[in-house]
$ cat work-v3.csv   # CSV, C-alpha atoms
chain,number,residue,atom,x,y,z
A,1,MET,CA,81.3,-92.3,-27.4
A,2,ALA,CA,79.0,-89.6,-28.6
A,3,ALA,CA,80.6,-89.9,-32.1
A,4,SER,CA,80.0,-93.6,-32.2
A,5,LEU,CA,76.4,-92.9,-31.0
A,6,ALA,CA,75.9,-90.4,-33.9
A,7,SER,CA,77.4,-92.9,-36.4
A,8,LYS,CA,75.1,-95.7,-35.0
A,9,TRP,CA,72.2,-93.4,-35.4
A,10,SER,CA,73.1,-92.6,-39.0
A,11,ARG,CA,73.4,-96.3,-39.6
A,12,VAL,CA,70.0,-96.9,-38.1
A,13,ILE,CA,68.6,-94.1,-40.2
A,14,LEU,CA,70.1,-95.6,-43.4
A,15,VAL,CA,68.8,-99.0,-42.6
A,16,GLY,CA,65.4,-97.7,-41.6
A,17,ARG,CA,65.2,-95.6,-44.7
A,18,SER,CA,66.1,-98.5,-47.0
A,19,LEU,CA,63.5,-100.7,-45.2
A,20,LEU,CA,60.9,-98.0,-45.5
A,21,GLY,CA,61.9,-97.5,-49.1
A,22,GLY,CA,61.0,-101.2,-49.7
A,23,LEU,CA,57.8,-100.8,-47.8
A,24,GLY,CA,57.0,-97.6,-49.6
A,25,ASN,CA,57.3,-99.3,-52.9
A,26,ASN,CA,55.0,-102.2,-51.8
A,27,LEU,CA,52.5,-99.7,-50.6
A,28,SER,CA,52.5,-97.8,-53.9
A,29,GLY,CA,52.1,-101.1,-55.8
A,30,LEU,CA,49.2,-102.3,-53.7
A,31,SER,CA,47.2,-99.2,-53.1
A,32,SER,CA,45.1,-97.6,-55.8
A,33,THR,CA,46.0,-94.1,-54.8
A,34,SER,CA,47.6,-91.5,-57.0
A,35,HIS,CA,51.4,-91.3,-57.4
A,36,GLU,CA,51.6,-88.2,-55.3
A,37,MET,CA,49.7,-89.9,-52.5
A,38,ALA,CA,52.0,-92.9,-52.6
A,39,SER,CA,55.1,-90.8,-52.5
A,40,GLY,CA,53.6,-88.7,-49.7
A,41,ASN,CA,53.0,-91.9,-47.9
A,42,PHE,CA,56.6,-93.0,-48.2
A,43,LEU,CA,58.0,-89.6,-47.2
A,44,SER,CA,55.8,-89.3,-44.1
A,45,GLN,CA,57.5,-92.4,-42.6
A,46,GLN,CA,60.8,-90.6,-42.3
A,47,GLN,CA,62.9,-91.1,-39.2
A,48,ARG,CA,63.5,-87.5,-37.9
A,49,THR,CA,66.8,-86.9,-36.3
A,50,PHE,CA,69.1,-84.3,-34.8
A,51,ILE,CA,70.4,-81.0,-36.2
A,52,GLN,CA,74.0,-81.4,-37.2
A,53,MET,CA,76.5,-79.9,-39.5
A,54,ARG,CA,75.0,-79.2,-43.0
A,55,THR,CA,71.5,-79.1,-41.7
A,56,VAL,CA,69.5,-76.4,-43.4
A,57,LEU,CA,67.1,-74.6,-41.1
A,58,LYS,CA,64.4,-72.1,-41.7
A,59,VAL,CA,64.8,-68.7,-40.0
A,60,VAL,CA,61.6,-67.5,-38.3
A,61,ASP,CA,62.4,-64.0,-37.2
A,62,ASN,CA,62.6,-60.7,-39.1
A,63,SER,CA,66.4,-60.4,-39.0
A,64,GLY,CA,66.6,-60.7,-42.8
A,65,ALA,CA,67.9,-64.2,-43.2
A,66,LYS,CA,65.7,-66.8,-44.8
A,67,THR,CA,67.6,-70.1,-44.5
A,68,VAL,CA,70.7,-71.0,-42.6
A,69,MET,CA,73.0,-74.0,-42.6
A,70,CYS,CA,74.3,-75.4,-39.3
A,71,ILE,CA,78.1,-75.4,-39.0
A,72,GLN,CA,78.5,-76.5,-35.4
A,73,PRO,CA,76.3,-77.2,-32.4
A,74,LEU,CA,77.5,-75.2,-29.4
A,75,LYS,CA,78.4,-76.3,-25.9
A,76,GLY,CA,80.7,-79.0,-27.2
A,77,ARG,CA,77.8,-81.1,-28.4
A,78,LYS,CA,78.0,-83.4,-31.5
A,79,VAL,CA,74.4,-82.8,-32.4
A,80,ALA,CA,71.8,-80.1,-31.6
A,81,ARG,CA,68.2,-80.6,-30.5
A,82,LEU,CA,65.3,-78.4,-29.6
A,83,GLY,CA,66.4,-75.4,-27.6
A,84,ASP,CA,70.1,-75.7,-28.3
A,85,THR,CA,72.3,-73.0,-29.8
A,86,ILE,CA,74.2,-73.5,-33.0
A,87,VAL,CA,76.7,-71.7,-35.1
A,88,ALA,CA,75.3,-71.3,-38.6
A,89,SER,CA,76.1,-69.7,-42.0
A,90,VAL,CA,73.4,-67.7,-43.7
A,91,LYS,CA,72.5,-69.3,-47.0
A,92,GLU,CA,69.6,-67.1,-48.1
A,93,ALA,CA,68.8,-63.6,-47.0
A,94,MET,CA,66.5,-60.8,-47.8
A,95,PRO,CA,68.3,-57.9,-49.6
A,96,THR,CA,67.2,-55.5,-46.9
A,97,GLY,CA,68.1,-57.1,-43.7
A,98,LYS,CA,70.4,-57.0,-40.7
A,99,VAL,CA,72.3,-60.1,-41.8
A,100,LYS,CA,73.8,-60.8,-45.2
A,101,LYS,CA,74.4,-64.0,-47.1
A,102,GLY,CA,77.5,-65.8,-46.1
A,103,GLN,CA,77.6,-64.3,-42.6
A,104,VAL,CA,78.4,-66.6,-39.7
A,105,VAL,CA,75.8,-66.3,-37.0
A,106,HIS,CA,74.6,-67.9,-33.8
A,107,ALA,CA,71.1,-69.3,-33.7
A,108,VAL,CA,68.7,-71.0,-31.3
A,109,VAL,CA,66.6,-74.0,-32.5
A,110,VAL,CA,63.0,-73.2,-31.8
A,111,ARG,CA,61.3,-76.0,-33.7
A,112,ALA,CA,62.6,-79.4,-34.4
A,113,ALA,CA,61.1,-82.2,-36.5
A,114,MET,CA,62.6,-84.7,-34.1
A,115,GLN,CA,60.5,-85.6,-31.1
A,116,HIS,CA,61.6,-84.0,-27.8
A,117,GLY,CA,60.8,-85.7,-24.5
A,118,ARG,CA,59.1,-83.7,-21.9
A,119,PHE,CA,59.3,-84.2,-18.2
A,120,ASP,CA,55.8,-85.6,-17.9
A,121,GLY,CA,56.8,-88.4,-20.2
A,122,SER,CA,55.1,-87.2,-23.3
A,123,GLU,CA,56.9,-86.2,-26.5
A,124,VAL,CA,56.5,-83.1,-28.8
A,125,ARG,CA,57.4,-82.7,-32.4
A,126,PHE,CA,57.1,-79.9,-34.8
A,127,ASP,CA,56.5,-79.7,-38.5
A,128,ASP,CA,59.9,-78.3,-39.5
A,129,ASN,CA,63.4,-77.3,-38.3
A,130,ALA,CA,63.3,-73.6,-37.4
A,131,VAL,CA,65.8,-71.3,-35.9
A,132,VAL,CA,65.9,-67.7,-34.4
A,133,LEU,CA,69.1,-65.7,-35.0
A,134,VAL,CA,70.8,-64.6,-31.8
A,135,ASN,CA,73.9,-62.7,-30.9
A,136,LYS,CA,76.7,-64.2,-28.8
A,137,ALA,CA,75.1,-63.0,-25.6
A,138,GLY,CA,71.8,-64.8,-26.5
A,139,GLU,CA,69.7,-61.9,-27.4
A,140,PRO,CA,67.6,-62.2,-30.6
A,141,THR,CA,68.8,-60.2,-33.6
A,142,GLY,CA,65.2,-59.7,-34.9
A,143,THR,CA,62.3,-58.1,-33.3
A,144,ARG,CA,59.6,-60.6,-34.1
A,145,VAL,CA,59.3,-64.4,-34.0
A,146,PHE,CA,56.8,-66.3,-36.3
A,147,GLY,CA,55.1,-69.5,-35.6
A,148,PRO,CA,54.8,-71.6,-32.4
A,149,VAL,CA,57.6,-71.8,-29.9
A,150,PRO,CA,58.1,-74.5,-27.3
A,151,HIS,CA,58.3,-74.1,-23.5
A,152,GLU,CA,61.7,-75.7,-23.5
A,153,LEU,CA,63.2,-72.3,-24.2
A,154,ARG,CA,62.4,-71.1,-20.7
A,155,ARG,CA,64.5,-73.8,-19.2
A,156,LYS,CA,67.4,-72.9,-21.5
A,157,LYS,CA,67.0,-69.2,-20.4
A,158,HIS,CA,65.9,-67.9,-23.8
A,159,VAL,CA,63.2,-65.8,-22.2
A,160,SER,CA,63.7,-63.0,-24.6
A,161,ILE,CA,62.7,-65.2,-27.5
A,162,LEU,CA,59.6,-66.4,-25.6
A,163,THR,CA,58.4,-62.9,-25.1
A,164,LEU,CA,58.6,-62.2,-28.8
A,165,ALA,CA,56.7,-65.4,-29.7
A,166,GLU,CA,53.1,-65.3,-30.9
A,167,HIS,CA,52.2,-68.9,-29.9
A,168,LEU,CA,53.5,-70.9,-27.1
A,169,ALA,CA,53.4,-74.6,-27.7
B,1,MET,CA,48.1,-83.0,-14.9
B,2,ARG,CA,45.5,-83.2,-17.6
B,3,LEU,CA,43.9,-86.1,-19.4
B,4,GLU,CA,43.7,-85.3,-23.1
B,5,LYS,CA,41.8,-86.9,-25.9
B,6,CYS,CA,43.6,-88.5,-28.8
B,7,TRP,CA,42.9,-86.5,-32.0
B,8,PHE,CA,42.5,-89.6,-34.1
B,9,CYS,CA,40.7,-92.2,-32.0
B,10,SER,CA,39.3,-90.0,-29.2
B,11,SER,CA,40.6,-92.2,-26.4
B,12,THR,CA,42.1,-90.6,-23.3
B,13,VAL,CA,45.8,-89.9,-23.3
B,14,TYR,CA,47.3,-90.4,-19.9
B,15,PRO,CA,50.4,-88.6,-18.8
B,16,GLY,CA,53.5,-90.2,-20.1
B,17,HIS,CA,51.9,-91.6,-23.2
B,18,GLY,CA,51.7,-90.5,-26.7
B,19,ILE,CA,53.1,-87.8,-28.9
B,20,GLN,CA,52.1,-84.3,-29.4
B,21,PHE,CA,52.5,-82.8,-32.8
B,22,VAL,CA,52.5,-79.0,-33.2
B,23,ARG,CA,51.7,-77.8,-36.6
B,24,ASN,CA,53.1,-74.5,-37.9
B,25,ASP,CA,49.8,-72.8,-37.5
B,26,ALA,CA,50.1,-73.6,-33.7
B,27,LYS,CA,47.4,-76.3,-33.8
B,28,ILE,CA,48.3,-79.1,-31.4
B,29,PHE,CA,47.4,-82.7,-32.3
B,30,ARG,CA,47.7,-85.2,-29.5
B,31,PHE,CA,47.9,-88.9,-30.2
B,32,CYS,CA,47.5,-91.8,-27.7
B,33,ARG,CA,49.8,-94.2,-29.5
B,34,SER,CA,51.9,-94.6,-32.6
B,35,LYS,CA,49.0,-96.3,-34.4
B,36,CYS,CA,47.0,-93.1,-34.4
B,37,HIS,CA,50.1,-91.0,-35.1
B,38,LYS,CA,51.0,-93.1,-38.2
B,39,ASN,CA,47.4,-92.9,-39.4
B,40,PHE,CA,47.5,-89.2,-39.1
B,41,LYS,CA,50.8,-89.0,-41.0
B,42,MET,CA,49.1,-91.1,-43.7
B,43,LYS,CA,46.5,-88.2,-43.9
B,44,ARG,CA,43.7,-90.6,-43.1
B,45,ASN,CA,40.4,-89.0,-42.1
B,46,PRO,CA,39.3,-90.4,-38.7
B,47,ARG,CA,35.7,-90.0,-39.7
B,48,LYS,CA,36.3,-92.7,-42.3
B,49,VAL,CA,38.4,-95.1,-40.2
B,50,LYS,CA,36.1,-97.7,-38.8
B,51,TRP,CA,37.6,-98.2,-35.3
B,52,THR,CA,37.7,-94.6,-34.2
B,53,LYS,CA,35.1,-92.9,-32.0
B,54,ALA,CA,34.6,-90.2,-34.6
B,55,TYR,CA,33.4,-92.8,-37.2
B,56,ARG,CA,31.2,-94.6,-34.7
B,57,ARG,CA,29.5,-91.4,-33.5
B,58,LEU,CA,29.0,-90.2,-37.1
B,59,HIS,CA,27.5,-93.4,-38.2
B,60,GLY,CA,25.2,-93.8,-35.2
B,61,LYS,CA,27.0,-96.8,-33.7
B,62,ASP,CA,27.6,-95.0,-30.4
B,63,MET,CA,25.4,-92.5,-28.7
B,64,THR,CA,26.1,-88.9,-29.4
B,65,GLN,CA,24.0,-86.7,-27.3
B,66,ASP,CA,23.6,-87.5,-23.6
B,67,SER,CA,23.6,-85.5,-20.4
B,68,THR,CA,26.4,-87.6,-19.0
B,69,PHE,CA,28.8,-86.1,-21.6
B,70,GLU,CA,28.2,-82.6,-20.1
B,71,PHE,CA,30.1,-83.5,-17.0
B,72,GLU,CA,33.3,-84.2,-19.0
B,73,ARG,CA,33.5,-80.8,-20.7
B,74,LYS,CA,36.9,-79.1,-20.7
B,75,ARG,CA,37.4,-76.5,-18.0
B,76,ASN,CA,40.2,-74.1,-18.2
B,77,ARG,CA,39.8,-72.5,-14.8
B,78,PRO,CA,41.8,-74.4,-12.2
B,79,GLU,CA,39.8,-75.1,-9.0
B,80,ARG,CA,41.2,-74.4,-5.6
B,81,TYR,CA,41.9,-77.7,-3.9
B,82,ASP,CA,39.2,-78.7,-1.5
B,83,ARG,CA,39.3,-82.1,0.0
B,84,ASN,CA,35.5,-82.4,0.2
B,85,LEU,CA,35.1,-81.3,-3.4
B,86,ALA,CA,37.7,-83.8,-4.5
B,87,GLU,CA,36.0,-86.6,-2.6
B,88,ASN,CA,32.6,-85.8,-4.0
B,89,THR,CA,34.0,-85.5,-7.5
B,90,LEU,CA,35.5,-88.9,-7.3
B,91,LYS,CA,32.2,-90.4,-6.1
B,92,ALA,CA,30.3,-88.6,-8.8
B,93,ILE,CA,32.7,-89.9,-11.5
B,94,LYS,CA,32.0,-93.4,-10.5
B,95,LYS,CA,28.2,-93.0,-10.5
B,96,ILE,CA,28.2,-91.0,-13.8
B,97,ASP,CA,30.3,-93.8,-15.4
B,98,LYS,CA,27.8,-96.4,-14.3
B,99,ILE,CA,24.9,-94.4,-15.7
B,100,ARG,CA,26.8,-93.8,-18.9
B,101,VAL,CA,27.6,-97.4,-19.4
B,102,ALA,CA,24.0,-98.4,-18.8
B,103,ARG,CA,22.8,-95.9,-21.3
B,104,GLU,CA,25.3,-97.0,-23.9
B,105,GLU,CA,24.1,-100.6,-23.4
B,106,ARG,CA,20.6,-99.5,-23.9
B,107,HIS,CA,21.6,-97.7,-27.1
B,108,HIS,CA,23.3,-100.8,-28.3
B,109,LYS,CA,20.3,-103.0,-27.6
B,110,LEU,CA,18.1,-100.6,-29.4
B,111,ARG,CA,20.4,-100.6,-32.4
B,112,MET,CA,20.5,-104.4,-32.5
B,113,LYS,CA,16.8,-104.8,-32.0
B,114,GLY,CA,15.1,-107.0,-34.6
B,115,LYS,CA,18.4,-108.5,-35.6
B,116,LYS,CA,17.5,-111.9,-34.2
B,117,ALA,CA,14.2,-112.1,-35.9
B,118,LYS,CA,15.8,-111.1,-39.2
B,119,GLU,CA,18.6,-113.6,-38.8
B,120,GLN,CA,16.1,-116.4,-38.2
B,121,LYS,CA,14.0,-115.5,-41.2
B,122,GLU,CA,17.1,-115.5,-43.4
B,123,ALA,CA,18.2,-118.8,-41.9
B,124,ALA,CA,14.8,-120.4,-42.7
B,125,ILE,CA,15.0,-119.3,-46.3
B,126,GLU,CA,18.5,-120.6,-46.6
B,127,LEU,CA,17.5,-124.0,-45.2
B,128,GLU,CA,14.6,-124.3,-47.6
B,129,GLN,CA,16.8,-123.5,-50.6
B,130,GLY,CA,19.9,-125.3,-49.7
B,131,ILE,CA,18.7,-128.5,-48.0
B,132,HIS,CA,20.6,-130.6,-50.5
B,133,LEU,CA,23.9,-129.3,-49.1
B,134,VAL,CA,23.0,-130.6,-45.6
B,135,LYS,CA,21.2,-133.9,-46.1
B,136,ALA,CA,22.6,-136.8,-48.2
B,137,PRO,CA,20.6,-137.8,-51.3
B,138,SER,CA,20.0,-141.4,-49.9
B,139,VAL,CA,18.4,-139.9,-46.7
B,140,LEU,CA,16.4,-137.5,-48.9
B,141,ALA,CA,15.1,-140.5,-50.8
B,142,GLN,CA,14.0,-142.4,-47.7
B,143,ASP,CA,12.5,-139.4,-45.9
B,144,GLN,CA,9.6,-138.5,-48.1
B,145,SER,CA,8.8,-135.2,-46.3
B,146,LEU,CA,12.1,-133.6,-47.5
B,147,THR,CA,11.6,-134.2,-51.2
B,148,LEU,CA,9.0,-133.5,-53.8
B,149,PRO,CA,6.8,-136.5,-54.5
B,150,LYS,CA,8.3,-138.7,-57.3
B,151,ILE,CA,6.1,-139.9,-60.1
B,152,LYS,CA,6.4,-143.7,-60.4
B,153,VAL,CA,7.0,-145.1,-63.8
B,154,LYS,CA,6.2,-148.8,-64.4
B,155,VAL,CA,9.5,-150.2,-65.8
B,156,GLN,CA,10.5,-153.3,-63.8
B,157,ALA,CA,14.1,-153.7,-65.0
B,158,GLN,CA,15.1,-150.1,-64.3
B,159,ALA,CA,13.8,-150.3,-60.7
B,160,GLU,CA,16.0,-153.4,-60.1
B,161,GLU,CA,19.1,-151.6,-61.5
B,162,ASN,CA,18.6,-148.6,-59.2
B,163,GLN,CA,18.4,-150.8,-56.1
B,164,ALA,CA,21.7,-152.6,-57.1
B,165,MET,CA,23.5,-149.2,-57.5
B,166,GLU,CA,22.3,-147.9,-54.2
B,167,GLU,CA,23.8,-150.9,-52.3

$ encode --input "work-v3.csv" --output "structure tokens"
Amino acid sequence: MAASLASKWSRVILVGRSLLGGLGNNLSGLSSTSHEMASGNFLSQQQRTFIQMRTVLKVVDNSGAKTVMCIQPLKGRKVARLGDTIVASVKEAMPTGKVKKGQVVHAVVVRAAMQHGRFDGSEVRFDDNAVVLVNKAGEPTGTRVFGPVPHELRRKKHVSILTLAEHLA
Amino acid sequence: MRLEKCWFCSSTVYPGHGIQFVRNDAKIFRFCRSKCHKNFKMKRNPRKVKWTKAYRRLHGKDMTQDSTFEFERKRNRPERYDRNLAENTLKAIKKIDKIRVAREERHHKLRMKGKKAKEQKEAAIELEQGIHLVKAPSVLAQDQSLTLPKIKVKVQAQAEENQAMEE
């Protein structure tokens, strides 16, 4: 059921993107803005979705990794959202760091471009997909976390990440 | 519970509505509906978009400085609940709203003052210049006050011809 849901989502995304592609072309034809503006216009109408296998995420702690690719969302889920843990492979790393390229790590999603519903009915979304590397027990590998971090982590019992965060969204 | 202001159009965002966008520099943008959110994504400047409060305030369409706005300032200190205080606040909100609306109406009236006289003057000029669009030429011919006086030329045959054509 969840698999069919994911496939339905991907179909919706494909349809949406093709529609938006058509719309984007019209916009660029009609408006007298520069080419960059028109392409920016088209790109900003993206449909943001889940974090799944092959999703590349930014690492926002000082563990040494720069980017990471999702291999598997944990807890038997098909897709990962804000606050979920994932298994990932390190794609890019700083030469001096606790993790090396090609290492398989666990990570917690701290920022997601897809909107996440809050209990008061509102929705939050961030600018990018970002992740904090974590060990199997859930403790962060790094000692600092950069950028804003949502309250959702408290519910997921990632208090240790919250304490390291500089901004709390 | 807190009533926020939409970043784009400055309307109130009630709980359960809208989207909150957190930028990587931790600045939070709240939007009341997808219209405002989409305009933001298009990188439109609210000060240039006509229907927003920001534009209206900037261009003097709505009043900017008033003592009634002081009551709506953001307070970060939570007040201890007091029934009397809550009751008085609710009464005060109603009264302040009434006063604010009255002042806004006055501002609008002041802004529109002289418009009627200007419109009438323009209408009079237009009437004088374009009367041929309104009245038929046959009526203009009959009613001498609407046309310039015609100089009569004594050619008998031509006068008869004109009368035949008019019929």

$ atom_distance --input "work-v3.csv" --atom1 "CA of Leu82 (chain A)" --atom2 "CA of Val108 (chain A)"
8.3 Å

$ interface_residues --input "work-v3.csv" --of "chain B" --to "chain A" --cutoff "10 Å" --atoms "all atoms listed in the file" --output "list in words"
Met1, Val13, Tyr14, Pro15, Gly16, His17, Gly18, Ile19, Gln20, Phe21, Val22, Arg23, Asn24, Asp25, Ala26, Lys27, Ile28, Phe29, Arg30, Cys32, Lys38, Phe40, Lys41, Met42 and Lys43 of chain B

$ residues_around --input "work-v3.csv" --residues "region 106-118 of chain B" --least-positions-apart "5" --cutoff "9 Å" --atoms "all atoms listed in the file" --output "VMD selection string"
chain B and resid 60 to 63 101 123

$ atom_distance --input "work-v3.csv" --atom1 "CA of Glu92 (chain A)" --atom2 "CA of Leu57 (chain A)"
10.6 Å

$ atom_distance --input "work-v3.csv" --atom1 "CA of Thr141 (chain A)" --atom2 "CA of Phe50 (chain A)"
24.1 Å

$ closest_residue --input "work-v3.csv" --among "A:Thr67, A:Gln72, A:Thr55, A:Ser160" --to "Glu139 (chain A)" --atoms "all atoms listed in the file"
A:Ser160

$ residues_around --input "work-v3.csv" --residues "Lys66 (chain A)" --least-positions-apart "2" --cutoff "9 Å" --atoms "all atoms listed in the file" --output "PyMOL selection string"
chain A and resi 57-64+68+90-94

$ residues_around --input "work-v3.csv" --residues "Ile86 (chain A)" --least-positions-apart "6" --cutoff "8 Å" --atoms "all atoms listed in the file" --output "list in words"
Cys70, Ile71, Gln72, Pro73, Leu74, Ala80, His106, Ala107, Val108 and Val109 of chain A

$ closest_residue --input "work-v3.csv" --among "B:Ile96, B:Cys6, B:Ile125, B:Ala102" --to "Glu70 (chain B)" --atoms "all atoms listed in the file"
B:Ile96

$ residues_around --input "work-v3.csv" --residues "Lys157 (chain A)" --least-positions-apart "5" --cutoff "10 Å" --atoms "only C-alpha atoms" --output "mmCIF file with C-alpha atoms, in the coordinates of the input"
data_model
loop_
_atom_site.group_PDB
_atom_site.id
_atom_site.type_symbol
_atom_site.label_atom_id
_atom_site.label_comp_id
_atom_site.auth_asym_id
_atom_site.auth_seq_id
_atom_site.Cartn_x
_atom_site.Cartn_y
_atom_site.Cartn_z
ATOM 1 C CA GLY A 83 66.400 -75.400 -27.600
ATOM 2 C CA GLY A 138 71.800 -64.800 -26.500
ATOM 3 C CA GLU A 152 61.700 -75.700 -23.500
ATOM 4 C CA LEU A 162 59.600 -66.400 -25.600
#

$ residues_around --input "work-v3.csv" --residues "Pro95 (chain A)" --least-positions-apart "5" --cutoff "10 Å" --atoms "only C-alpha atoms" --output "MDAnalysis selection string"
chainID A and resid 64:65 100:101

$ write_last_selection --input "work-v3.csv" --atoms "C-alpha atoms" --output "tab-separated table (two decimals), keeping the file's coordinate frame"
chain	number	residue	atom	x	y	z
A	64	GLY	CA	66.60	-60.70	-42.80
A	65	ALA	CA	67.90	-64.20	-43.20
A	100	LYS	CA	73.80	-60.80	-45.20
A	101	LYS	CA	74.40	-64.00	-47.10
